[in-house]
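K.L.:
coords26.txt is the file, holding compact mmCIF, C-alpha atoms:
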```
# COMPACT_ATOMS: atom_id res chain seq x y z
CA MET Y 1 27.99 -1.96 0.90
CA MET Y 2 25.58 -4.19 2.83
CA THR Y 3 25.77 -7.85 1.87
CA PHE Y 4 22.76 -10.08 1.20
CA THR Y 5 23.37 -11.93 4.50
CA GLU Y 6 23.59 -8.70 6.49
CA ALA Y 7 20.39 -7.36 4.95
CA LEU Y 8 18.43 -10.43 6.02
CA ALA Y 9 20.05 -10.75 9.45
CA GLY Y 10 17.57 -12.04 12.00
CA MET Y 11 15.44 -13.98 9.50
CA THR Y 12 15.36 -17.74 9.84
CA PRO Y 13 15.29 -19.76 6.60
CA ASP Y 14 11.61 -20.62 7.17
CA LEU Y 15 10.72 -16.95 7.77
CA LEU Y 16 12.66 -15.89 4.67
CA VAL Y 17 10.72 -18.36 2.51
CA LEU Y 18 7.43 -17.05 3.92
CA VAL Y 19 8.38 -13.40 3.33
CA VAL Y 20 9.57 -14.06 -0.23
CA GLY Y 21 6.35 -15.95 -0.95
CA VAL Y 22 4.29 -13.03 0.36
CA PHE Y 23 6.03 -10.55 -1.94
CA VAL Y 24 5.68 -12.84 -4.96
CA LEU Y 25 1.95 -13.13 -4.26
CA ALA Y 26 1.56 -9.39 -3.58
CA GLY Y 27 3.44 -8.56 -6.76
CA ALA Y 28 1.23 -10.94 -8.74
CA VAL Y 29 -1.91 -9.23 -7.42
CA LYS Y 30 -0.52 -5.84 -8.45
CA GLY Y 31 0.35 -7.27 -11.85
CA VAL Y 32 -3.25 -8.39 -12.35
CA VAL Y 33 -5.25 -5.44 -10.97
CA GLY Y 34 -2.71 -2.56 -10.81
CA LEU Y 35 -2.73 -2.18 -7.01
CA GLY Y 36 -2.59 -4.21 -3.82
CA LEU Y 37 1.12 -4.83 -3.24
CA PRO Y 38 1.33 -2.97 0.12
CA THR Y 39 -2.13 -4.12 1.19
CA ILE Y 40 -1.47 -7.82 0.53
CA SER Y 41 2.05 -7.57 1.99
CA MET Y 42 0.86 -5.93 5.21
CA ALA Y 43 -2.10 -8.29 5.60
CA LEU Y 44 -0.01 -11.45 5.28
CA LEU Y 45 3.23 -10.32 6.91
CA ALA Y 46 1.30 -9.15 9.97
CA LEU Y 47 0.32 -12.78 10.56
CA PHE Y 48 3.86 -13.63 11.64
CA MET Y 49 5.70 -10.36 12.41
CA ALA Y 50 5.03 -6.97 13.98
CA PRO Y 51 3.19 -4.54 11.67
CA ALA Y 52 6.04 -2.01 11.97
CA HIS Y 53 8.53 -4.61 10.70
CA ALA Y 54 6.18 -5.55 7.87
CA ALA Y 55 5.78 -1.89 6.89
CA ALA Y 56 9.56 -1.43 6.83
CA LEU Y 57 9.97 -4.41 4.48
CA LEU Y 58 7.45 -3.13 1.92
CA ILE Y 59 9.00 0.35 1.50
CA ILE Y 60 11.36 -0.32 -1.43
CA PRO Y 61 9.15 -2.77 -3.39
CA SER Y 62 6.22 -0.38 -3.02
CA LEU Y 63 8.27 2.69 -3.94
CA VAL Y 64 9.86 1.22 -7.07
CA THR Y 65 6.70 -0.38 -8.45
CA ASN Y 66 4.65 2.76 -7.81
CA LEU Y 67 7.25 5.10 -9.32
CA TRP Y 68 7.03 2.96 -12.45
CA GLN Y 69 3.26 3.46 -12.38
CA THR Y 70 3.55 7.29 -12.42
CA ARG Y 71 4.43 7.30 -16.12
CA PRO Y 72 4.00 8.87 -18.66
CA LEU Y 73 5.95 11.85 -17.36
CA ALA Y 74 4.44 14.16 -20.00
CA LEU Y 75 1.06 13.88 -18.24
CA LEU Y 76 2.41 14.04 -14.71
CA MET Y 77 2.40 17.82 -14.14
CA PRO Y 78 -1.24 18.36 -15.20
CA LEU Y 79 -2.23 15.48 -12.92
CA LEU Y 80 -0.23 16.91 -10.01
CA ARG Y 81 -1.98 20.26 -10.40
CA ARG Y 82 -5.25 18.44 -9.82
CA ILE Y 83 -4.28 16.05 -7.01
CA GLY Y 84 -1.33 17.95 -5.48
CA GLY Y 85 -3.40 19.13 -2.51
CA MET Y 86 -4.37 15.56 -1.76
CA GLN Y 87 -0.72 14.49 -1.79
CA LEU Y 88 0.21 17.25 0.63
CA GLY Y 89 -2.55 15.98 2.91
CA VAL Y 90 -1.21 12.44 2.62
CA ALA Y 91 2.31 13.51 3.62
CA LEU Y 92 1.20 15.70 6.54
CA GLY Y 93 -1.39 13.19 7.75
CA THR Y 94 1.11 10.33 7.73
CA LEU Y 95 3.77 12.28 9.61
CA ALA Y 96 1.24 13.63 12.12
CA GLY Y 97 -0.12 10.13 12.64
CA ALA Y 98 3.37 8.71 13.10
CA LEU Y 99 4.17 11.31 15.76
CA ALA Y 100 0.83 10.88 17.55
CA LEU Y 101 0.43 7.09 17.31
CA GLY Y 102 4.02 5.85 17.13
CA ALA Y 103 5.04 2.92 14.96
CA PRO Y 104 2.25 0.40 14.31
CA ALA Y 105 2.80 -2.29 16.95
CA GLY Y 106 0.91 -4.39 19.45
CA ALA Y 107 -2.69 -5.56 19.47
CA TRP Y 108 -4.14 -2.19 18.48
CA ALA Y 109 -2.12 -2.16 15.25
CA SER Y 110 -3.37 -5.61 14.23
CA ILE Y 111 -6.95 -4.63 15.04
CA ALA Y 112 -6.62 -1.37 13.10
CA LEU Y 113 -5.14 -3.23 10.13
CA GLY Y 114 -7.90 -5.84 10.27
CA ALA Y 115 -10.61 -3.18 10.39
CA THR Y 116 -9.04 -1.34 7.45
CA LEU Y 117 -8.94 -4.54 5.38
CA ILE Y 118 -12.61 -5.25 6.13
CA VAL Y 119 -13.69 -1.72 5.18
CA TYR Y 120 -11.60 -1.81 2.00
CA SER Y 121 -12.98 -5.24 1.07
CA ALA Y 122 -16.57 -4.20 1.71
CA TRP Y 123 -16.11 -1.20 -0.56
CA GLY Y 124 -14.45 -3.36 -3.23
CA LEU Y 125 -17.23 -5.95 -3.15
CA PHE Y 126 -20.32 -3.81 -2.65
CA GLY Y 127 -19.39 -0.15 -3.08
CA ARG Y 128 -20.78 1.89 -5.94
CA PRO Y 129 -18.69 4.37 -7.94
CA LEU Y 130 -18.65 7.79 -6.28
CA THR Y 131 -18.57 11.22 -7.86
CA VAL Y 132 -16.89 14.35 -6.53
CA PRO Y 133 -19.13 17.45 -6.83
CA VAL Y 134 -17.73 20.30 -8.89
CA GLY Y 135 -15.89 22.84 -6.77
CA THR Y 136 -15.14 20.53 -3.85
CA GLU Y 137 -11.79 19.09 -4.96
CA LYS Y 138 -9.75 21.97 -3.45
CA TRP Y 139 -10.82 21.17 0.11
CA LEU Y 140 -11.94 17.55 -0.23
CA GLY Y 141 -8.66 16.36 -1.77
CA PRO Y 142 -6.46 17.53 1.15
CA LEU Y 143 -9.00 16.13 3.64
CA VAL Y 144 -9.05 12.71 1.96
CA GLY Y 145 -5.25 12.83 1.79
CA ALA Y 146 -4.94 13.61 5.52
CA LEU Y 147 -7.33 10.77 6.42
CA THR Y 148 -5.38 8.41 4.16
CA GLY Y 149 -2.18 9.51 5.89
CA LEU Y 150 -3.59 8.74 9.34
CA VAL Y 151 -4.65 5.27 8.17
CA THR Y 152 -1.21 4.77 6.63
CA ALA Y 153 0.58 5.73 9.84
CA GLY Y 154 -1.55 3.36 11.90
CA THR Y 155 -1.72 0.36 9.59
CA GLY Y 156 0.85 0.63 6.78
CA VAL Y 157 -2.02 0.46 4.24
CA PHE Y 158 -2.66 3.49 2.03
CA VAL Y 159 -5.61 2.61 -0.18
CA VAL Y 160 -8.41 3.92 2.06
CA PRO Y 161 -9.95 6.40 1.39
CA ALA Y 162 -7.49 7.41 -1.36
CA VAL Y 163 -8.49 4.91 -4.04
CA PRO Y 164 -12.29 5.49 -3.84
CA TYR Y 165 -11.65 9.24 -4.02
CA LEU Y 166 -9.33 8.98 -7.03
CA GLN Y 167 -11.85 6.74 -8.80
CA ALA Y 168 -14.51 9.40 -8.19
CA LEU Y 169 -12.51 12.05 -10.09
CA GLY Y 170 -13.33 10.57 -13.49
CA LEU Y 171 -9.70 10.44 -14.63
CA GLY Y 172 -10.16 7.57 -17.06
CA ARG Y 173 -8.44 4.20 -16.81
CA ASP Y 174 -4.90 5.34 -17.64
CA GLY Y 175 -5.24 8.53 -15.61
CA LEU Y 176 -6.47 6.56 -12.60
CA ILE Y 177 -3.55 4.13 -12.78
CA GLN Y 178 -1.12 7.06 -12.93
CA ALA Y 179 -2.87 8.91 -10.09
CA MET Y 180 -2.73 5.82 -7.88
CA GLY Y 181 0.98 5.52 -8.67
CA VAL Y 182 1.54 9.12 -7.57
CA SER Y 183 -0.52 8.75 -4.39
CA PHE Y 184 1.06 5.44 -3.42
CA THR Y 185 4.55 6.85 -4.04
CA VAL Y 186 3.89 9.80 -1.73
CA SER Y 187 2.37 7.47 0.87
CA THR Y 188 5.38 5.15 0.71
CA LEU Y 189 7.87 7.97 1.21
CA ALA Y 190 5.79 9.45 4.03
CA LEU Y 191 5.48 6.03 5.68
CA ALA Y 192 9.26 5.56 5.49
CA ALA Y 193 9.74 8.98 7.12
CA GLY Y 194 7.21 8.11 9.83
CA LEU Y 195 8.92 4.80 10.59
CA TRP Y 196 12.28 6.58 10.73
CA LEU Y 197 10.88 9.13 13.20
CA ASN Y 198 9.82 6.22 15.41
CA ASP Y 199 13.18 4.40 15.07
CA SER Y 200 11.50 1.58 13.15
CA TYR Y 201 13.35 1.93 9.84
CA SER Y 202 16.93 0.81 10.34
CA PHE Y 203 19.78 0.32 7.88
CA HIS Y 204 19.20 -3.45 7.95
CA ALA Y 205 15.46 -3.00 7.38
CA ALA Y 206 16.20 -0.88 4.32
CA GLY Y 207 18.59 -3.55 3.01
CA ALA Y 208 16.04 -6.31 3.49
CA SER Y 209 13.43 -4.16 1.75
CA VAL Y 210 15.73 -3.80 -1.27
CA VAL Y 211 16.13 -7.59 -1.42
CA MET Y 212 12.34 -8.04 -1.36
CA LEU Y 213 12.09 -5.98 -4.56
CA ILE Y 214 13.24 -9.05 -6.51
CA PRO Y 215 10.32 -11.37 -5.60
CA ALA Y 216 7.89 -8.45 -5.87
CA LEU Y 217 8.96 -7.74 -9.46
CA ALA Y 218 8.87 -11.46 -10.27
CA GLY Y 219 5.33 -11.60 -8.92
CA MET Y 220 4.31 -8.58 -11.00
CA TYR Y 221 5.59 -10.28 -14.13
CA ILE Y 222 3.60 -13.43 -13.27
CA GLY Y 223 0.52 -11.31 -12.58
CA GLN Y 224 0.78 -9.57 -15.93
CA LEU Y 225 0.84 -12.95 -17.63
CA LEU Y 226 -2.13 -14.17 -15.57
CA ARG Y 227 -4.14 -11.05 -16.40
CA GLN Y 228 -4.50 -12.28 -19.98
CA SER Y 229 -6.33 -15.45 -18.90
CA LEU Y 230 -8.18 -14.47 -15.71
CA SER Y 231 -11.60 -12.86 -15.41
CA PRO Y 232 -10.94 -9.52 -13.63
CA GLN Y 233 -14.35 -9.67 -11.92
CA VAL Y 234 -13.80 -13.16 -10.50
CA PHE Y 235 -10.27 -12.28 -9.42
CA ARG Y 236 -11.40 -9.13 -7.62
CA ARG Y 237 -14.15 -11.01 -5.77
CA CYS Y 238 -11.67 -13.65 -4.61
CA LEU Y 239 -9.14 -10.96 -3.64
CA PHE Y 240 -11.52 -8.84 -1.59
CA SER Y 241 -13.14 -11.87 0.06
CA SER Y 242 -9.71 -13.13 1.10
CA LEU Y 243 -8.71 -9.71 2.46
CA ALA Y 244 -11.94 -9.53 4.48
CA ALA Y 245 -11.26 -12.98 5.95
CA LEU Y 246 -7.72 -11.90 6.88
CA GLY Y 247 -9.12 -8.75 8.47
CA VAL Y 248 -11.48 -10.76 10.65
CA TYR Y 249 -8.63 -13.10 11.63
CA LEU Y 250 -6.38 -10.19 12.64
CA ILE Y 251 -9.12 -8.68 14.80
CA LEU Y 252 -10.09 -11.93 16.52
CA GLY Y 253 -6.54 -13.23 16.82
```
Written as structure tokens, that's how I'd like the structure from this file.
P.N.:
Amino acid sequence: MMTFTEALAGMTPDLLVLVVGVFVLAGAVKGVVGLGLPTISMALLALFMAPAHAAALLIIPSLVTNLWQTRPLALLMPLLRRIGGMQLGVALGTLAGALALGAPAGAWASIALGATLIVYSAWGLFGRPLTVPVGTEKWLGPLVGALTGLVTAGTGVFVVPAVPYLQALGLGRDGLIQAMGVSFTVSTLALAAGLWLNDSYSFHAAGASVVMLIPALAGMYIGQLLRQSLSPQVFRRCLFSSLAALGVYLILG
């Protein structure tokens, strides 16, 4: 069994503190608004490490927290019948993107991540709720899934365009939370497979990712406590404005 020291081999004490802080913050955001752990993690980790390394670290925290979000299991199968095509598109798009683009690295990866954060923030701040016309889900779902997969492969972020599409389905609050959990779980597994195909998901990376589950869960607990006293509207404005600023920094830096 891999030891704690082996899992974090290569991290200096200062870097470890930074990474732990990022996952606590990302977990807190997810605890408040129900999403954002991979997005916040990628945005901040990419400031001081390669995007491929950041993506490898977020696999286990993202997978565990999103699997938890797929409950209740009694409602899972009806939901999968509706969004299953989208999930197939996510998986195929991510793997195709990983093979075509390689692991997210270098200046292009930071620029792509920055652009994705700006687009996502603009939608979060100014976008209006969308609606999906009747009869289009069968072909639109897989298309949105494939586009989400390509974005995931290139940036490690899997909210665009998945989340706006899921919100447009009119699933209700609980159904939307569950649907996002399903989509993010599939994206996480597909991202892990894509990183593995590009030799960017090693045994040590997996071990470090497991360790990062602890601060992520601690952050989620803090976020759930904060949710009772924070205005969701004010929090979302601050969140999206900060993500947009990070996106601009990643592009210009």
K.L.:
So that each row is one residue of stretch 55-144 of chain Y with an atom at most 10 Å from stretch 25-42 of chain Y, can you give its shortest atom pair and the distance in Å to one decimal, using all atoms listed in the file, rows by chain and rising number, as JSON lines?
P.N.:
```
{"residue": "Y:Ala55", "atom": "CA", "partner": "Y:Met42", "partner_atom": "CA", "distance": 6.6}
{"residue": "Y:Ala56", "atom": "CA", "partner": "Y:Met42", "partner_atom": "CA", "distance": 9.9}
{"residue": "Y:Leu57", "atom": "CA", "partner": "Y:Ser41", "partner_atom": "CA", "distance": 8.9}
{"residue": "Y:Leu58", "atom": "CA", "partner": "Y:Pro38", "partner_atom": "CA", "distance": 6.4}
{"residue": "Y:Ile59", "atom": "CA", "partner": "Y:Pro38", "partner_atom": "CA", "distance": 8.5}
{"residue": "Y:Pro61", "atom": "CA", "partner": "Y:Leu37", "partner_atom": "CA", "distance": 8.3}
{"residue": "Y:Ser62", "atom": "CA", "partner": "Y:Pro38", "partner_atom": "CA", "distance": 6.4}
{"residue": "Y:Leu63", "atom": "CA", "partner": "Y:Pro38", "partner_atom": "CA", "distance": 9.8}
{"residue": "Y:Thr65", "atom": "CA", "partner": "Y:Leu37", "partner_atom": "CA", "distance": 8.8}
{"residue": "Y:Asn66", "atom": "CA", "partner": "Y:Leu35", "partner_atom": "CA", "distance": 8.9}
{"residue": "Y:Gln69", "atom": "CA", "partner": "Y:Gly34", "partner_atom": "CA", "distance": 8.6}
{"residue": "Y:Ser110", "atom": "CA", "partner": "Y:Met42", "partner_atom": "CA", "distance": 10.0}
{"residue": "Y:Leu113", "atom": "CA", "partner": "Y:Met42", "partner_atom": "CA", "distance": 8.2}
{"residue": "Y:Thr116", "atom": "CA", "partner": "Y:Thr39", "partner_atom": "CA", "distance": 9.7}
{"residue": "Y:Leu117", "atom": "CA", "partner": "Y:Thr39", "partner_atom": "CA", "distance": 8.0}
{"residue": "Y:Tyr120", "atom": "CA", "partner": "Y:Thr39", "partner_atom": "CA", "distance": 9.8}
```
K.L.:
To one decimal in Å, tell me the separation between atom CA of Y:Ala43 and atom CA of Y:Gly181.
P.N.:
20.1 Å
K.L.:
Go through Y:Ile60, Y:Val186, Y:Leu140, Y:Ile111 one by one, measure the shortest atom-to-atom distance of each to Y:Leu169 using all atoms listed in the file, and give the residue with the smallest value.
P.N.:
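When distances to Y:Leu169 are compared using all atoms listed in the file, the smallest one comes from Y:Leu140.
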K.L.:
Using all atoms listed in the file, which of the listed residues (Y:Met11, Y:Arg237, Y:Trp139, Y:Gly154) sits closest to Y:Met49?
P.N.:
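Of the candidates, the smallest distance to Y:Met49 is held by Y:Met11.
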K.L.:
Tell me, counting all atoms listed in the file, for each residue of stretch 64-161 of chain Y within 10 Å of stretch 188-195 of chain Y, which pair of atoms is nearest and how far apart they are in Å to one decimal, in rows ordered by chain and increasing number, as JSON lines.
P.N.:
```
{"residue": "Y:Val64", "atom": "CA", "partner": "Y:Thr188", "partner_atom": "CA", "distance": 9.8}
{"residue": "Y:Asn66", "atom": "CA", "partner": "Y:Thr188", "partner_atom": "CA", "distance": 8.9}
{"residue": "Y:Val90", "atom": "CA", "partner": "Y:Ala190", "partner_atom": "CA", "distance": 7.7}
{"residue": "Y:Ala91", "atom": "CA", "partner": "Y:Ala190", "partner_atom": "CA", "distance": 5.4}
{"residue": "Y:Leu92", "atom": "CA", "partner": "Y:Ala190", "partner_atom": "CA", "distance": 8.2}
{"residue": "Y:Gly93", "atom": "CA", "partner": "Y:Ala190", "partner_atom": "CA", "distance": 8.9}
{"residue": "Y:Thr94", "atom": "CA", "partner": "Y:Ala190", "partner_atom": "CA", "distance": 6.0}
{"residue": "Y:Leu95", "atom": "CA", "partner": "Y:Gly194", "partner_atom": "CA", "distance": 5.4}
{"residue": "Y:Ala96", "atom": "CA", "partner": "Y:Gly194", "partner_atom": "CA", "distance": 8.4}
{"residue": "Y:Gly97", "atom": "CA", "partner": "Y:Gly194", "partner_atom": "CA", "distance": 8.1}
{"residue": "Y:Ala98", "atom": "CA", "partner": "Y:Gly194", "partner_atom": "CA", "distance": 5.1}
{"residue": "Y:Leu99", "atom": "CA", "partner": "Y:Gly194", "partner_atom": "CA", "distance": 7.4}
{"residue": "Y:Gly102", "atom": "CA", "partner": "Y:Leu195", "partner_atom": "CA", "distance": 8.2}
{"residue": "Y:Ala103", "atom": "CA", "partner": "Y:Leu195", "partner_atom": "CA", "distance": 6.1}
{"residue": "Y:Pro104", "atom": "CA", "partner": "Y:Leu195", "partner_atom": "CA", "distance": 8.8}
{"residue": "Y:Gly149", "atom": "CA", "partner": "Y:Ala190", "partner_atom": "CA", "distance": 8.2}
{"residue": "Y:Thr152", "atom": "CA", "partner": "Y:Leu191", "partner_atom": "CA", "distance": 6.9}
{"residue": "Y:Ala153", "atom": "CA", "partner": "Y:Leu191", "partner_atom": "CA", "distance": 6.4}
{"residue": "Y:Gly154", "atom": "CA", "partner": "Y:Leu191", "partner_atom": "CA", "distance": 9.8}
{"residue": "Y:Thr155", "atom": "CA", "partner": "Y:Leu191", "partner_atom": "CA", "distance": 10.0}
{"residue": "Y:Gly156", "atom": "CA", "partner": "Y:Leu191", "partner_atom": "CA", "distance": 7.2}
{"residue": "Y:Val157", "atom": "CA", "partner": "Y:Thr188", "partner_atom": "CA", "distance": 9.4}
{"residue": "Y:Phe158", "atom": "CA", "partner": "Y:Thr188", "partner_atom": "CA", "distance": 8.3}
```
K.L.:
Looking at Y:Leu217, Y:Val144, Y:Ala168, Y:Leu76, which one is nearest to Y:Val132, with distances taken over only C-alpha atoms?
P.N.:
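Nearest to Y:Val132: Y:Ala168.
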K.L.:
Env of Y:Phe48: 10 Å cut, atoms = all atoms listed in the file, seq-sep filter 6 positions within chain, self excluded. Answer as number ranges by chain.
P.N.:
Y: 15, 18-19, 54
K.L.:
The centre and edge lengths of an axis-aligned box containing all atoms of stretch 137-153 of chain Y present in the file, extended by 3 Å on each side, are to be given in Å to one decimal, as lines of an AutoDock Vina configuration file.
P.N.:
```
center_x = -5.7
center_y = 13.4
center_z = 2.4
size_x = 18.5
size_y = 23.2
size_z = 20.8
```
K.L.:
Give as a list in words each residue that has an atom at most 12 Å from (-18.5, -9.4, -8.4) in the file, counting all atoms listed in the file.
P.N.:
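Residues found, by chain and rising number: Ser121, Ala122, Trp123, Gly124, Leu125, Phe126, Gly127, Arg128, Ser231, Pro232, Gln233, Val234, Phe235, Arg236, Arg237, Cys238, Leu239, Phe240 and Ser241 of chain Y.
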K.L.:
Go ahead and dump the residues you just picked, C-alpha atoms, as a PDB file, in the coordinates of the input.
P.N.:
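Written output follows (part29.pdb):
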```pdb
ATOM      1  CA  SER Y 121     -12.980  -5.240   1.070  1.00  0.00           C
ATOM      2  CA  ALA Y 122     -16.570  -4.200   1.710  1.00  0.00           C
ATOM      3  CA  TRP Y 123     -16.110  -1.200  -0.560  1.00  0.00           C
ATOM      4  CA  GLY Y 124     -14.450  -3.360  -3.230  1.00  0.00           C
ATOM      5  CA  LEU Y 125     -17.230  -5.950  -3.150  1.00  0.00           C
ATOM      6  CA  PHE Y 126     -20.320  -3.810  -2.650  1.00  0.00           C
ATOM      7  CA  GLY Y 127     -19.390  -0.150  -3.080  1.00  0.00           C
ATOM      8  CA  ARG Y 128     -20.780   1.890  -5.940  1.00  0.00           C
ATOM      9  CA  SER Y 231     -11.600 -12.860 -15.410  1.00  0.00           C
ATOM     10  CA  PRO Y 232     -10.940  -9.520 -13.630  1.00  0.00           C
ATOM     11  CA  GLN Y 233     -14.350  -9.670 -11.920  1.00  0.00           C
ATOM     12  CA  VAL Y 234     -13.800 -13.160 -10.500  1.00  0.00           C
ATOM     13  CA  PHE Y 235     -10.270 -12.280  -9.420  1.00  0.00           C
ATOM     14  CA  ARG Y 236     -11.400  -9.130  -7.620  1.00  0.00           C
ATOM     15  CA  ARG Y 237     -14.150 -11.010  -5.770  1.00  0.00           C
ATOM     16  CA  CYS Y 238     -11.670 -13.650  -4.610  1.00  0.00           C
ATOM     17  CA  LEU Y 239      -9.140 -10.960  -3.640  1.00  0.00           C
ATOM     18  CA  PHE Y 240     -11.520  -8.840  -1.590  1.00  0.00           C
ATOM     19  CA  SER Y 241     -13.140 -11.870   0.060  1.00  0.00           C
TER      20      SER Y 241
END
```
K.L.:
What does the structure give for the distance between atom CA of Y:Tyr165 and atom CA of Y:Ala74, in Å to one decimal?
P.N.:
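Calculated distance between atom CA of Y:Tyr165 and atom CA of Y:Ala74 is 23.2 Å.
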K.L.:
In terms of the shortest atom-to-atom distance over all atoms listed in the file, which of Y:Leu16, Y:Ile118, Y:Leu147, Y:Val182 is closest to Y:Pro161?
P.N.:
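Counting all atoms listed in the file, the residue closest to Y:Pro161 is Y:Leu147.
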K.L.:
Grab the atom CA of Y:Trp196 to atom CA of Y:Ser209 distance for me, in Å with one decimal place.
P.N.:
14.0 Å
K.L.:
Determine, counting all atoms listed in the file, which protein, DNA and RNA residues have an atom within 12 Å of an atom of Y:Leu75; residues of the same chain fewer than 3 positions away are not included. Present the result as a tab-separated table (two decimals) with C-alpha atoms, keeping the file's coordinate frame.
P.N.:
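Output file out.tsv is given in full below:
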```
chain	number	residue	atom	x	y	z
Y	70	THR	CA	3.55	7.29	-12.42
Y	71	ARG	CA	4.43	7.30	-16.12
Y	72	PRO	CA	4.00	8.87	-18.66
Y	78	PRO	CA	-1.24	18.36	-15.20
Y	79	LEU	CA	-2.23	15.48	-12.92
Y	80	LEU	CA	-0.23	16.91	-10.01
Y	81	ARG	CA	-1.98	20.26	-10.40
Y	82	ARG	CA	-5.25	18.44	-9.82
Y	171	LEU	CA	-9.70	10.44	-14.63
Y	174	ASP	CA	-4.90	5.34	-17.64
Y	175	GLY	CA	-5.24	8.53	-15.61
Y	176	LEU	CA	-6.47	6.56	-12.60
Y	178	GLN	CA	-1.12	7.06	-12.93
Y	179	ALA	CA	-2.87	8.91	-10.09
Y	182	VAL	CA	1.54	9.12	-7.57
```
K.L.:
Nearest residue to Y:Met180 out of Y:Ser242, Y:Ile214, Y:Leu197, Y:Val160, using all atoms listed in the file?
P.N.:
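Result for the nearest residue to Y:Met180: Y:Val160.
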K.L.:
Restricting the calculation to all atoms listed in the file: of Y:Val22, Y:Ala109, Y:Leu225, Y:Ala208, which residue gets closest to Y:Pro51?
P.N.:
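Among Y:Val22, Y:Ala109, Y:Leu225, Y:Ala208, it is Y:Ala109 that comes nearest to Y:Pro51.
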K.L.:
Could you give me stretch 85-97 of chain Y completed to N, CA and C atoms, formatted as a tab-separated table (two decimals), in the coordinates of the input?
P.N.:
```tsv
chain	number	residue	atom	x	y	z
Y	85	GLY	N	-2.92	18.86	-3.86
Y	85	GLY	CA	-3.40	19.13	-2.51
Y	85	GLY	C	-3.64	17.86	-1.72
Y	86	MET	N	-4.16	16.86	-2.40
Y	86	MET	CA	-4.37	15.56	-1.76
Y	86	MET	C	-3.05	14.97	-1.30
Y	87	GLN	N	-2.02	15.07	-2.14
Y	87	GLN	CA	-0.72	14.49	-1.79
Y	87	GLN	C	-0.09	15.21	-0.61
Y	88	LEU	N	-0.28	16.51	-0.53
Y	88	LEU	CA	0.21	17.25	0.63
Y	88	LEU	C	-0.49	16.76	1.89
Y	89	GLY	N	-1.81	16.52	1.79
Y	89	GLY	CA	-2.55	15.98	2.91
Y	89	GLY	C	-2.06	14.61	3.31
Y	90	VAL	N	-1.74	13.77	2.34
Y	90	VAL	CA	-1.21	12.44	2.62
Y	90	VAL	C	0.09	12.53	3.42
Y	91	ALA	N	1.01	13.38	2.96
Y	91	ALA	CA	2.31	13.51	3.62
Y	91	ALA	C	2.14	14.03	5.05
Y	92	LEU	N	1.37	15.10	5.21
Y	92	LEU	CA	1.20	15.70	6.54
Y	92	LEU	C	0.43	14.76	7.46
Y	93	GLY	N	-0.60	14.10	6.93
Y	93	GLY	CA	-1.39	13.19	7.75
Y	93	GLY	C	-0.57	12.00	8.23
Y	94	THR	N	0.28	11.47	7.34
Y	94	THR	CA	1.11	10.33	7.73
Y	94	THR	C	2.12	10.72	8.80
Y	95	LEU	N	2.78	11.85	8.62
Y	95	LEU	CA	3.77	12.28	9.61
Y	95	LEU	C	3.11	12.63	10.94
Y	96	ALA	N	1.96	13.30	10.89
Y	96	ALA	CA	1.24	13.63	12.12
Y	96	ALA	C	0.79	12.35	12.83
Y	97	GLY	N	0.30	11.39	12.06
Y	97	GLY	CA	-0.12	10.13	12.64
Y	97	GLY	C	1.05	9.37	13.25
```
